[in-house]
>>> print(open('protein_6.txt').read())   # compact mmCIF, C-alpha atoms (C1' of nucleotides)
# COMPACT_ATOMS: atom_id res chain seq x y z
CA MET A 65 114.88 106.18 65.52
CA ILE A 66 115.46 102.92 67.36
CA VAL A 67 113.57 102.32 70.53
CA ASP A 68 113.40 99.38 72.86
CA VAL A 69 109.66 98.80 72.78
CA PRO A 70 109.22 96.56 75.84
CA GLU A 71 111.45 98.84 77.90
CA THR A 72 109.43 101.85 76.82
CA LEU A 73 106.23 100.08 77.75
CA ILE A 74 107.52 99.31 81.24
CA GLN A 75 108.61 102.90 81.67
CA ILE A 76 105.30 104.35 80.57
CA ALA A 77 103.30 101.79 82.48
CA ALA A 78 105.21 102.72 85.62
CA GLU A 79 104.33 106.38 85.08
CA LEU A 80 100.66 105.71 84.52
CA PHE A 81 100.32 103.12 87.27
CA ALA A 82 101.99 105.51 89.68
CA SER A 83 99.74 108.42 88.85
CA ARG A 84 96.39 106.72 88.27
CA GLY A 85 96.78 103.29 89.81
CA TYR A 86 97.08 99.86 88.26
CA ASP A 87 93.42 99.05 87.71
CA ALA A 88 92.49 102.55 86.71
CA THR A 89 95.02 102.40 83.90
CA SER A 90 93.81 100.45 80.91
CA VAL A 91 96.18 98.77 78.54
CA ASN A 92 94.72 101.07 75.95
CA ASP A 93 96.00 104.02 77.97
CA ILE A 94 99.44 102.47 78.01
CA VAL A 95 99.72 101.64 74.34
CA GLU A 96 98.32 105.02 73.41
CA ALA A 97 100.90 106.83 75.53
CA ALA A 98 103.60 104.63 74.04
CA SER A 99 102.34 105.14 70.49
CA VAL A 100 102.04 101.46 69.76
CA THR A 101 99.10 99.11 69.56
CA LYS A 102 97.76 96.51 71.88
CA GLY A 103 99.14 93.82 69.66
CA ALA A 104 102.64 95.10 70.28
CA LEU A 105 102.16 95.05 74.01
CA TYR A 106 100.79 91.54 74.04
CA TYR A 107 103.61 90.42 71.81
CA TYR A 108 106.06 91.14 74.63
CA PHE A 109 103.88 90.59 77.68
CA ASN A 110 101.38 87.83 78.13
CA THR A 111 99.23 89.74 80.59
CA LYS A 112 98.87 93.16 82.09
CA GLU A 113 100.11 91.65 85.30
CA GLU A 114 103.44 90.77 83.73
CA LEU A 115 103.97 94.46 83.15
CA LEU A 116 103.32 95.13 86.80
CA PHE A 117 105.75 92.42 87.77
CA ALA A 118 108.44 93.79 85.47
CA ILE A 119 108.17 97.16 87.18
CA HIS A 120 108.72 95.55 90.56
CA GLN A 121 111.65 93.50 89.37
CA ARG A 122 113.42 96.47 87.93
CA PHE A 123 113.31 98.40 91.17
CA ILE A 124 114.19 95.52 93.46
CA GLU A 125 117.13 94.42 91.39
CA ALA A 126 118.60 97.91 91.32
CA GLU A 127 118.16 98.27 95.07
CA MET A 128 119.71 94.91 95.81
CA ALA A 129 122.70 95.56 93.56
CA GLN A 130 123.48 98.75 95.46
CA ALA A 131 123.22 97.02 98.81
CA GLN A 132 125.57 94.25 97.72
CA LYS A 133 128.17 96.80 96.73
CA ILE A 134 128.07 98.25 100.21
CA LEU A 135 128.24 94.85 101.87
CA ALA A 136 131.35 94.06 99.86
CA ARG A 137 133.25 96.86 101.55
CA TYR A 138 133.06 95.55 105.10
CA PHE A 139 131.98 98.67 106.97
CA LYS A 140 131.25 98.47 110.64
CA PRO A 141 127.52 98.20 111.48
CA ALA A 142 126.80 101.88 112.13
CA GLU A 143 128.58 103.09 109.02
CA ARG A 144 127.12 100.25 107.02
CA ILE A 145 123.60 101.21 108.03
CA ARG A 146 124.33 104.82 107.22
CA ARG A 147 125.42 103.94 103.71
CA LEU A 148 122.56 101.51 103.21
CA ILE A 149 120.07 104.22 104.13
CA ILE A 150 121.62 106.72 101.75
CA SER A 151 121.65 104.14 99.00
CA LEU A 152 118.02 103.27 99.65
CA ILE A 153 116.92 106.89 99.51
CA GLU A 154 118.85 107.39 96.31
CA SER A 155 117.15 104.36 94.79
CA ILE A 156 113.75 105.65 95.80
CA ALA A 157 114.53 108.99 94.21
CA GLU A 158 115.79 107.40 91.02
CA PHE A 159 112.95 104.89 90.65
CA ARG A 160 110.21 107.11 91.90
CA ASN A 161 107.43 105.68 89.78
CA GLU A 162 108.50 102.09 90.21
CA VAL A 163 108.66 102.52 93.96
CA THR A 164 105.22 104.06 94.10
CA VAL A 165 103.78 101.20 92.12
CA PHE A 166 105.73 98.72 94.19
CA PHE A 167 104.34 99.89 97.48
CA ARG A 168 100.82 100.64 96.37
CA GLU A 169 100.07 97.83 93.95
CA ARG A 170 102.14 94.97 95.28
CA HIS A 171 99.14 93.13 96.65
CA ARG A 172 97.55 93.11 93.23
CA LEU A 173 100.00 90.52 91.94
CA SER A 174 98.93 86.89 91.78
CA PRO A 175 100.10 84.82 94.75
CA GLU A 176 102.96 83.27 92.78
CA LEU A 177 104.41 86.51 91.50
CA PHE A 178 103.78 88.23 94.80
CA ALA A 179 105.73 85.54 96.60
CA GLN A 180 108.65 86.10 94.29
CA VAL A 181 108.65 89.83 94.91
CA GLN A 182 108.25 89.32 98.62
CA ALA A 183 111.14 86.90 98.79
CA ALA A 184 113.46 89.39 97.15
CA ARG A 185 112.21 92.06 99.48
CA ASP A 186 112.83 89.92 102.55
CA GLN A 187 116.34 89.30 101.38
CA TYR A 188 116.92 93.00 101.07
CA GLU A 189 115.51 93.80 104.48
CA ALA A 190 117.58 91.08 106.06
CA ILE A 191 120.71 93.00 105.10
CA PHE A 192 119.60 95.92 107.24
CA GLU A 193 118.45 93.77 110.11
CA GLU A 194 121.73 91.88 110.17
CA ALA A 195 123.68 95.13 110.43
CA ILE A 196 121.58 96.17 113.40
CA ARG A 197 122.02 92.80 115.08
CA GLU A 198 125.77 92.95 114.62
CA GLY A 199 125.71 96.45 116.02
CA GLN A 200 123.93 95.21 119.09
CA GLN A 201 126.43 92.43 119.67
CA GLU A 202 129.25 94.87 119.14
CA GLY A 203 127.67 97.25 121.63
CA THR A 204 127.26 100.30 119.42
CA PHE A 205 123.51 99.73 118.98
CA ARG A 206 121.22 99.60 121.95
CA SER A 207 120.05 96.19 122.98
CA ASP A 208 116.94 97.13 124.93
CA LEU A 209 114.92 97.22 121.71
CA ASP A 210 114.18 94.41 119.31
CA ALA A 211 116.34 94.43 116.19
CA ARG A 212 113.42 93.43 114.03
CA LEU A 213 111.36 96.31 115.33
CA MET A 214 114.16 98.77 114.72
CA THR A 215 114.48 97.49 111.19
CA LEU A 216 110.79 97.96 110.55
CA ALA A 217 110.89 101.44 112.02
CA LEU A 218 113.84 102.28 109.81
CA PHE A 219 112.15 101.03 106.68
CA GLY A 220 109.12 103.04 107.61
CA GLN A 221 111.18 106.19 107.78
CA CYS A 222 112.89 105.47 104.50
CA ASN A 223 110.14 103.95 102.42
CA TRP A 224 107.64 106.57 103.42
CA THR A 225 109.71 109.18 101.60
CA TYR A 226 108.08 108.01 98.40
CA THR A 227 104.92 109.76 99.52
CA TRP A 228 106.49 113.20 99.95
CA MET A 229 109.91 113.32 98.36
CA LYS A 230 110.28 115.94 95.68
CA PRO A 231 113.19 117.50 93.84
CA GLY A 232 113.68 120.09 96.52
CA PRO A 233 116.48 121.81 98.35
CA LEU A 234 118.03 118.56 99.55
CA THR A 235 119.64 116.06 97.22
CA PRO A 236 118.65 112.44 97.79
CA ARG A 237 122.08 111.85 99.29
CA GLU A 238 121.70 114.68 101.79
CA LEU A 239 118.21 113.53 102.61
CA GLY A 240 119.54 110.06 103.26
CA GLU A 241 122.24 111.43 105.53
CA HIS A 242 119.69 113.31 107.60
CA LEU A 243 117.41 110.31 107.89
CA ALA A 244 120.33 108.15 108.96
CA GLU A 245 121.14 110.75 111.58
CA ILE A 246 117.59 110.72 112.91
CA PHE A 247 117.46 106.97 113.03
CA LEU A 248 120.83 106.53 114.69
CA ARG A 249 120.81 109.38 117.19
CA GLY A 250 117.13 110.24 117.63
CA ALA A 251 115.23 113.48 117.84
CA LEU A 252 116.13 114.45 121.36
CA ASN A 253 119.03 116.65 122.23
CA ARG A 254 121.93 114.58 123.53
CA SER A 255 122.59 116.81 126.50
CA SER A 256 119.07 116.52 127.82
CA MET B 43 67.70 91.96 114.03
CA ILE B 44 68.35 95.66 113.63
CA VAL B 45 71.41 96.73 111.67
CA ASP B 46 72.70 100.07 110.55
CA VAL B 47 72.86 99.36 106.83
CA PRO B 48 75.03 102.26 105.66
CA GLU B 49 77.46 101.64 108.52
CA THR B 50 77.65 97.97 107.65
CA LEU B 51 78.32 98.85 104.05
CA ILE B 52 81.21 101.13 105.00
CA GLN B 53 82.63 98.43 107.23
CA ILE B 54 82.45 95.74 104.60
CA ALA B 55 83.67 98.02 101.86
CA ALA B 56 86.70 98.84 104.00
CA GLU B 57 87.45 95.15 104.41
CA LEU B 58 87.15 94.40 100.74
CA PHE B 59 88.97 97.51 99.55
CA ALA B 60 91.79 96.73 101.96
CA SER B 61 92.20 93.17 100.84
CA ARG B 62 91.54 93.43 97.10
CA GLY B 63 91.85 97.10 96.30
CA TYR B 64 89.27 99.71 95.42
CA ASP B 65 88.95 99.11 91.70
CA ALA B 66 89.23 95.37 92.00
CA THR B 67 86.23 95.37 94.30
CA SER B 68 82.92 95.71 92.50
CA VAL B 69 79.86 97.14 94.12
CA ASN B 70 78.32 93.75 93.54
CA ASP B 71 81.01 92.21 95.72
CA ILE B 72 80.15 94.69 98.44
CA VAL B 73 76.39 94.26 98.44
CA GLU B 74 76.79 90.52 98.23
CA ALA B 75 79.07 90.44 101.26
CA ALA B 76 76.65 92.71 103.08
CA SER B 77 73.64 90.61 102.09
CA VAL B 78 71.79 93.52 100.56
CA THR B 79 71.22 94.63 96.99
CA LYS B 80 72.51 97.42 94.86
CA GLY B 81 69.30 99.30 95.41
CA ALA B 82 70.09 99.52 99.11
CA LEU B 83 73.62 100.72 98.52
CA TYR B 84 72.63 103.39 96.06
CA TYR B 85 69.87 104.49 98.36
CA TYR B 86 72.50 105.61 100.88
CA PHE B 87 75.46 106.43 98.65
CA ASN B 88 75.30 108.23 95.35
CA THR B 89 78.51 106.75 93.99
CA LYS B 90 81.08 104.14 94.80
CA GLU B 91 83.50 106.96 95.47
CA GLU B 92 81.33 108.24 98.30
CA LEU B 93 81.90 104.95 100.03
CA LEU B 94 85.63 105.36 99.67
CA PHE B 95 85.41 108.87 101.04
CA ALA B 96 83.35 107.74 104.01
CA ILE B 97 86.05 105.23 104.91
CA HIS B 98 88.66 107.96 104.93
CA GLN B 99 86.53 110.30 106.99
CA ARG B 100 85.89 107.74 109.65
CA PHE B 101 89.56 107.07 110.23
CA ILE B 102 90.71 110.68 110.11
CA GLU B 103 88.04 111.89 112.48
CA ALA B 104 88.87 109.22 115.02
CA GLU B 105 92.55 110.02 114.80
CA MET B 106 92.00 113.73 115.14
CA ALA B 107 89.71 113.33 118.13
CA GLN B 108 92.40 111.37 119.97
CA ALA B 109 95.04 113.97 119.19
CA GLN B 110 92.85 116.79 120.46
CA LYS B 111 92.36 115.00 123.74
CA ILE B 112 96.11 114.85 124.21
CA LEU B 113 96.60 118.49 123.26
CA ALA B 114 94.07 119.49 125.88
CA ARG B 115 96.28 118.15 128.61
CA TYR B 116 99.23 120.48 128.04
CA PHE B 117 102.09 118.02 128.13
CA LYS B 118 105.59 119.19 127.45
CA PRO B 119 106.78 118.57 123.86
CA ALA B 120 108.63 115.29 124.45
CA GLU B 121 105.85 113.71 126.46
CA ARG B 122 103.26 115.11 124.10
CA ILE B 123 104.98 113.47 121.13
CA ARG B 124 105.26 110.23 123.02
CA ARG B 125 101.54 110.19 123.69
CA LEU B 126 100.67 111.27 120.18
CA ILE B 127 102.71 108.41 118.78
CA ILE B 128 101.05 105.87 121.03
CA SER B 129 97.65 107.24 120.13
CA LEU B 130 98.46 107.09 116.43
CA ILE B 131 99.61 103.49 116.63
CA GLU B 132 96.50 102.57 118.56
CA SER B 133 94.34 104.22 115.92
CA ILE B 134 96.13 102.35 113.17
CA ALA B 135 95.58 99.11 115.01
CA GLU B 136 91.92 99.82 115.59
CA PHE B 137 91.14 101.04 112.09
CA ARG B 138 93.37 98.64 110.27
CA ASN B 139 91.26 98.32 107.15
CA GLU B 140 90.42 101.99 106.94
CA VAL B 141 94.08 102.92 107.27
CA THR B 142 95.12 100.52 104.56
CA VAL B 143 92.52 101.94 102.23
CA PHE B 144 93.45 105.44 103.23
CA PHE B 145 97.11 105.07 102.37
CA ARG B 146 96.72 102.92 99.30
CA GLU B 147 93.67 104.37 97.60
CA ARG B 148 93.76 108.00 98.61
CA HIS B 149 94.84 109.16 95.17
CA ARG B 150 91.82 107.51 93.63
CA LEU B 151 89.48 110.13 95.03
CA SER B 152 88.31 112.96 92.82
CA PRO B 153 90.33 116.17 93.25
CA GLU B 154 87.64 117.80 95.40
CA LEU B 155 87.27 114.94 97.84
CA PHE B 156 90.98 114.31 97.87
CA ALA B 157 91.61 117.93 98.80
CA GLN B 158 89.24 117.58 101.72
CA VAL B 159 90.98 114.48 102.98
CA GLN B 160 94.38 116.06 102.50
CA ALA B 161 93.41 119.19 104.40
CA ALA B 162 92.34 117.14 107.41
CA ARG B 163 95.54 115.16 107.16
CA ASP B 164 97.69 118.31 107.07
CA GLN B 165 95.94 119.56 110.15
CA TYR B 166 96.71 116.33 111.95
CA GLU B 167 100.37 116.33 110.96
CA ALA B 168 100.73 119.94 112.02
CA ILE B 169 100.03 118.89 115.59
CA PHE B 170 103.09 116.66 115.58
CA GLU B 171 105.26 119.19 113.81
CA GLU B 172 104.29 121.90 116.25
CA ALA B 173 105.31 119.72 119.18
CA ILE B 174 108.70 119.16 117.62
CA ARG B 175 109.18 122.85 116.94
CA GLU B 176 108.32 123.72 120.50
CA GLY B 177 110.73 121.07 121.65
CA GLN B 178 113.46 122.66 119.62
CA GLN B 179 112.81 126.11 121.07
CA GLU B 180 112.72 124.64 124.50
CA GLY B 181 116.00 122.87 123.87
CA THR B 182 114.92 119.30 124.47
CA PHE B 183 114.83 118.49 120.76
CA ARG B 184 117.88 118.87 118.61
CA SER B 185 117.94 121.90 116.36
CA ASP B 186 120.48 120.75 113.81
CA LEU B 187 117.74 118.96 111.88
CA ASP B 188 114.70 120.41 110.19
CA ALA B 189 111.48 120.00 112.19
CA ARG B 190 109.53 119.25 109.06
CA LEU B 191 111.91 116.49 108.11
CA MET B 192 111.75 114.99 111.57
CA THR B 193 107.97 115.03 111.36
CA LEU B 194 108.00 113.24 108.05
CA ALA B 195 110.47 110.68 109.36
CA LEU B 196 108.26 110.10 112.36
CA PHE B 197 105.14 109.63 110.29
CA GLY B 198 107.05 107.22 108.13
CA GLN B 199 107.92 105.12 111.16
CA CYS B 200 104.37 105.18 112.45
CA ASN B 201 102.29 104.96 109.30
CA TRP B 202 104.38 102.19 107.86
CA THR B 203 103.22 99.91 110.64
CA TYR B 204 100.04 99.36 108.69
CA THR B 205 102.07 97.19 106.32
CA TRP B 206 103.34 94.79 108.95
CA MET B 207 101.45 95.21 112.18
CA LYS B 208 99.68 92.10 113.38
CA PRO B 209 98.08 91.00 116.61
CA GLY B 210 101.33 89.75 117.99
CA PRO B 211 103.23 89.71 121.24
CA LEU B 212 103.15 93.49 121.62
CA THR B 213 99.96 95.43 122.24
CA PRO B 214 99.50 98.52 120.10
CA ARG B 215 100.29 100.61 123.15
CA GLU B 216 103.58 98.83 123.78
CA LEU B 217 104.44 99.04 120.13
CA GLY B 218 103.80 102.75 120.23
CA GLU B 219 105.99 103.14 123.26
CA HIS B 220 108.85 101.39 121.54
CA LEU B 221 108.50 103.42 118.39
CA ALA B 222 108.45 106.62 120.42
CA GLU B 223 111.61 105.46 122.12
CA ILE B 224 113.32 104.82 118.78
CA PHE B 225 112.27 108.15 117.40
CA LEU B 226 113.26 110.15 120.45
CA ARG B 227 116.51 108.46 121.44
CA GLY B 228 117.68 106.70 118.29
CA ALA B 229 119.15 103.29 117.61
CA LEU B 230 122.66 103.92 118.85
CA ASN B 231 123.79 103.16 122.33
CA ARG B 232 123.97 106.34 124.36
CA SER B 233 127.39 105.61 125.77
CA SER B 234 129.02 105.23 122.37
C1' DA C 286 124.15 85.84 43.78
C1' DG C 287 119.47 85.55 44.58
C1' DG C 288 115.07 83.45 45.10
C1' DA C 289 112.63 80.60 48.87
C1' DT C 290 111.59 80.21 53.50
C1' DC C 291 110.91 81.56 57.94
C1' DA C 292 111.18 84.35 62.31
C1' DT C 293 110.37 88.90 64.19
C1' DA C 294 107.64 92.59 65.27
C1' DC C 295 104.08 94.35 64.92
C1' DT C 296 98.60 96.32 63.24
C1' DA C 297 93.51 96.57 63.03
C1' DA C 298 89.43 94.72 64.31
C1' DC C 299 86.85 92.43 67.30
C1' DC C 300 84.75 89.50 71.38
C1' DC C 301 82.40 88.93 75.47
C1' DG C 302 82.26 89.48 80.31
C1' DT C 303 81.87 92.93 83.79
C1' DC C 304 81.25 97.33 85.69
C1' DG C 305 78.99 101.49 87.76
C1' DG C 306 74.81 103.25 87.68
C1' DT C 307 69.57 103.70 86.97
C1' DA C 308 64.59 103.07 86.42
C1' DT C 309 60.92 101.03 88.38
C1' DG C 310 58.55 97.94 91.23
C1' DT C 311 57.55 96.08 96.02
C1' DT C 312 57.47 95.83 100.94
C1' DT C 313 57.17 97.71 105.64
C1' DG C 314 56.59 100.61 109.54
C1' DT C 315 53.65 104.30 111.33
C1' DA D 286 47.71 105.92 103.04
C1' DC D 287 52.07 107.05 102.19
C1' DA D 288 56.77 107.84 102.61
C1' DA D 289 61.01 105.42 103.72
C1' DA D 290 63.71 101.51 102.65
C1' DC D 291 64.71 98.61 100.09
C1' DA D 292 64.67 94.62 95.74
C1' DT D 293 64.77 93.46 90.73
C1' DA D 294 65.97 93.94 86.25
C1' DC D 295 68.45 96.08 83.11
C1' DC D 296 71.57 99.52 80.20
C1' DG D 297 75.46 101.45 77.85
C1' DA D 298 80.34 101.65 78.13
C1' DC D 299 84.56 99.81 78.64
C1' DG D 300 87.82 96.34 80.15
C1' DG D 301 91.55 92.72 79.11
C1' DG D 302 92.64 89.74 75.93
C1' DT D 303 92.48 87.29 71.14
C1' DT D 304 92.70 86.70 66.38
C1' DA D 305 93.99 86.90 61.66
C1' DG D 306 96.86 89.11 58.91
C1' DT D 307 101.22 91.73 57.24
C1' DA D 308 105.59 94.28 56.42
C1' DT D 309 110.42 93.57 57.06
C1' DG D 310 114.30 91.71 57.53
C1' DA D 311 117.56 87.41 58.44
C1' DT D 312 118.95 82.77 56.89
C1' DC D 313 119.57 79.07 53.97
C1' DC D 314 119.92 76.38 49.81
C1' DT D 315 121.60 75.94 45.30
>>> encode(input="protein_6.txt", output="structure tokens")
Amino acid sequence: MIVDVPETLIQIAAELFASRGYDATSVNDIVEAASVTKGALYYYFNTKEELLFAIHQRFIEAEMAQAQKILARYFKPAERIRRLIISLIESIAEFRNEVTVFFRERHRLSPELFAQVQAARDQYEAIFEEAIREGQQEGTFRSDLDARLMTLALFGQCNWTYTWMKPGPLTPRELGEHLAEIFLRGALNRSS
Amino acid sequence: MIVDVPETLIQIAAELFASRGYDATSVNDIVEAASVTKGALYYYFNTKEELLFAIHQRFIEAEMAQAQKILARYFKPAERIRRLIISLIESIAEFRNEVTVFFRERHRLSPELFAQVQAARDQYEAIFEEAIREGQQEGTFRSDLDARLMTLALFGQCNWTYTWMKPGPLTPRELGEHLAEIFLRGALNRSS
DNA sequence: AGGATCATACTAACCCGTCGGTATGTTTGT
DNA sequence: ACAAACATACCGACGGGTTAGTATGATCCT
């Protein structure tokens, strides 16, 4: 049986961090769950924090890769946002543990590593904001509200799913479609 | 100088928990910041967890009280939601530290205390969901989307503000108004 | 071809600081 | 005088991280 030890450690750490929290999970817990010893862990990672960072990186990189694919296809703003939302929800569903850790334990990283994570995150959010701005110039998005604020509201809607999403009746894709619909058209009936 | 020691401890604990995290904050840190000793803390609180719980309680009770006031005034669904949103954003702004701790460290509570917090939270969310359901029956809210999903989307928008809100150009009230506008009418231009 | 050498990938045992919590003493208001 | 409201000193457990050592291949020299 061949296993990628560092990858397994990241995986298991993500599970444990997500369910118990970063500080409440000891490295002993991790190595025990992974059936290795502490020596093995510290052979691949210099600190516990590096593990935390690796979890963040994995999620952000996957998310960003998906977004770039969509950007490459030159959709108009509204359709672009729609697809970005769906892609984001699918990422959250796929990297459930990583996302949970990302949002809950981000601030636990040292300033240097946190800055790195934050920079990547800003880059990702800028893709959404730019779509909204273009939509405003084009006239399809309303201009009486700040683009930045709309972006933050949108990310709230989407990111928050990590707190309640479960393998339920809706697939992540369907869920994303519905959320896009809510964001774009609102909760009120159009005829009213 | 008269000070309410337990209240001060909750206050300071909220600050420290919000900025460093629950586990990363030692009870020594807390008593030091509060200029008392451990004896004083453990005179009022049996465990560190009780402190955490008290922080949650304070925020939830304040939130719930505001919501009840709005319910008592019998607004129609759309206006009721608008006011609930504003009230929620104002609460988040006022109890910034408590909210941060609430959302980030909730899962750290023991099952019993967590259940208590969750029950109160469910009750609060039900108020919003009920307004949306009524709106659907009345016809002002769209019925092609699940009320529960709309509620969750809304809470995402609102709760997420705790991650980025800052004393900026917009007052909490204005911010709430804008978010209500986004939720109710959506990002797209009406004429398109 | 095959022994010598070295890098890889770990293991087992341990160190020392820190943590939540407690036991007991002291002060203060009434 | 006596309870309420603390302060002081300390305990046992556990935390992240380190250390010395080792089995197992890969590589190189002759």
>>> atom_distance(input="protein_6.txt", atom1="CA of Gln160 in chain B", atom2="CA of Glu103 in chain B")
12.5 Å
>>> axis_aligned_box(input="protein_6.txt", around="range 50-60 of chain B", padding_each_side="8 Å", output="AutoDock Vina command-line options")
--center_x 84.7 --center_y 97.8 --center_z 103.6 --size_x 30.1 --size_y 22.7 --size_z 24.1
>>> interface_residues(input="protein_6.txt", of="chain A", to="chain C", cutoff="10 Å", atoms="only C-alpha atoms (C1' of nucleotides)", output="PDB file with C-alpha atoms, in the frame of the given file")
ATOM      1  CA  VAL A  69     109.660  98.800  72.780  1.00  0.00           C
ATOM      2  CA  VAL A 100     102.040 101.460  69.760  1.00  0.00           C
ATOM      3  CA  THR A 101      99.100  99.110  69.560  1.00  0.00           C
ATOM      4  CA  LYS A 102      97.760  96.510  71.880  1.00  0.00           C
ATOM      5  CA  GLY A 103      99.140  93.820  69.660  1.00  0.00           C
ATOM      6  CA  ALA A 104     102.640  95.100  70.280  1.00  0.00           C
ATOM      7  CA  LEU A 105     102.160  95.050  74.010  1.00  0.00           C
ATOM      8  CA  TYR A 107     103.610  90.420  71.810  1.00  0.00           C
ATOM      9  CA  TYR A 108     106.060  91.140  74.630  1.00  0.00           C
TER      10      TYR A 108
END
>>> interface_residues(input="protein_6.txt", of="chain A", to="chain B", cutoff="10 Å", atoms="only C-alpha atoms", output="number ranges by chain")
A: 82-88, 142, 167-169, 171-172, 196, 199-200, 203-211, 213-229, 239, 242-256
>>> closest_residue(input="protein_6.txt", among="A:Lys112, A:Glu79, A:Leu148, A:Asp68", to="DG300 in chain D", atoms="only C-alpha atoms (C1' of nucleotides)")
A:Lys112
>>> interface_residues(input="protein_6.txt", of="chain D", to="chain B", cutoff="12 Å", atoms="all atoms listed in the file", output="list of chain:residue names")
D:DA289, D:DA290, D:DC291, D:DA292, D:DT293, D:DA294, D:DG300
>>> atom_distance(input="protein_6.txt", atom1="CA of Arg212 in chain A", atom2="CA of Phe192 in chain A")
9.5 Å
>>> atom_distance(input="protein_6.txt", atom1="CA of Val91 in chain A", atom2="CA of Phe144 in chain B")
25.7 Å
>>> residues_around(input="protein_6.txt", residues="Ile54 in chain B", least_positions_apart="2", cutoff="9 Å", atoms="all atoms listed in the file", output="VMD selection string")
chain B and resid 49 to 52 56 to 59 72 to 73 75 to 76
>>> decode(input="protein_6.txt", residues="range 286-310 of chain C", atoms="C-alpha atoms (C1' of nucleotides)", output="PDB file, in the first residue's frame")
ATOM      1  C1'  DA C 286      28.657  -7.076 -10.053  1.00  0.00           C
ATOM      2  C1'  DG C 287      28.687  -5.667  -5.506  1.00  0.00           C
ATOM      3  C1'  DG C 288      30.324  -3.471  -1.442  1.00  0.00           C
ATOM      4  C1'  DA C 289      30.561   1.518   0.374  1.00  0.00           C
ATOM      5  C1'  DT C 290      28.232   5.624   1.015  1.00  0.00           C
ATOM      6  C1'  DC C 291      24.579   8.523   1.532  1.00  0.00           C
ATOM      7  C1'  DA C 292      19.752  10.415   1.286  1.00  0.00           C
ATOM      8  C1'  DT C 293      15.021   9.428   2.499  1.00  0.00           C
ATOM      9  C1'  DA C 294      11.546   8.534   5.567  1.00  0.00           C
ATOM     10  C1'  DC C 295      10.526   7.694   9.318  1.00  0.00           C
ATOM     11  C1'  DT C 296      10.210   5.906  15.108  1.00  0.00           C
ATOM     12  C1'  DA C 297      10.413   6.233  20.187  1.00  0.00           C
ATOM     13  C1'  DA C 298      11.385   8.858  23.923  1.00  0.00           C
ATOM     14  C1'  DC C 299      11.637  12.915  25.990  1.00  0.00           C
ATOM     15  C1'  DC C 300      11.742  18.168  27.418  1.00  0.00           C
ATOM     16  C1'  DC C 301       9.943  22.107  29.387  1.00  0.00           C
ATOM     17  C1'  DG C 302       6.678  25.716  29.241  1.00  0.00           C
ATOM     18  C1'  DT C 303       1.878  26.603  29.794  1.00  0.00           C
ATOM     19  C1'  DC C 304      -2.763  25.683  30.792  1.00  0.00           C
ATOM     20  C1'  DG C 305      -7.221  25.263  33.380  1.00  0.00           C
ATOM     21  C1'  DG C 306      -8.361  24.719  37.733  1.00  0.00           C
ATOM     22  C1'  DT C 307      -8.019  24.556  43.030  1.00  0.00           C
ATOM     23  C1'  DA C 308      -6.917  25.108  47.928  1.00  0.00           C
ATOM     24  C1'  DT C 309      -6.206  28.334  51.176  1.00  0.00           C
ATOM     25  C1'  DG C 310      -5.241  32.725  52.948  1.00  0.00           C
TER      26       DG C 310
END
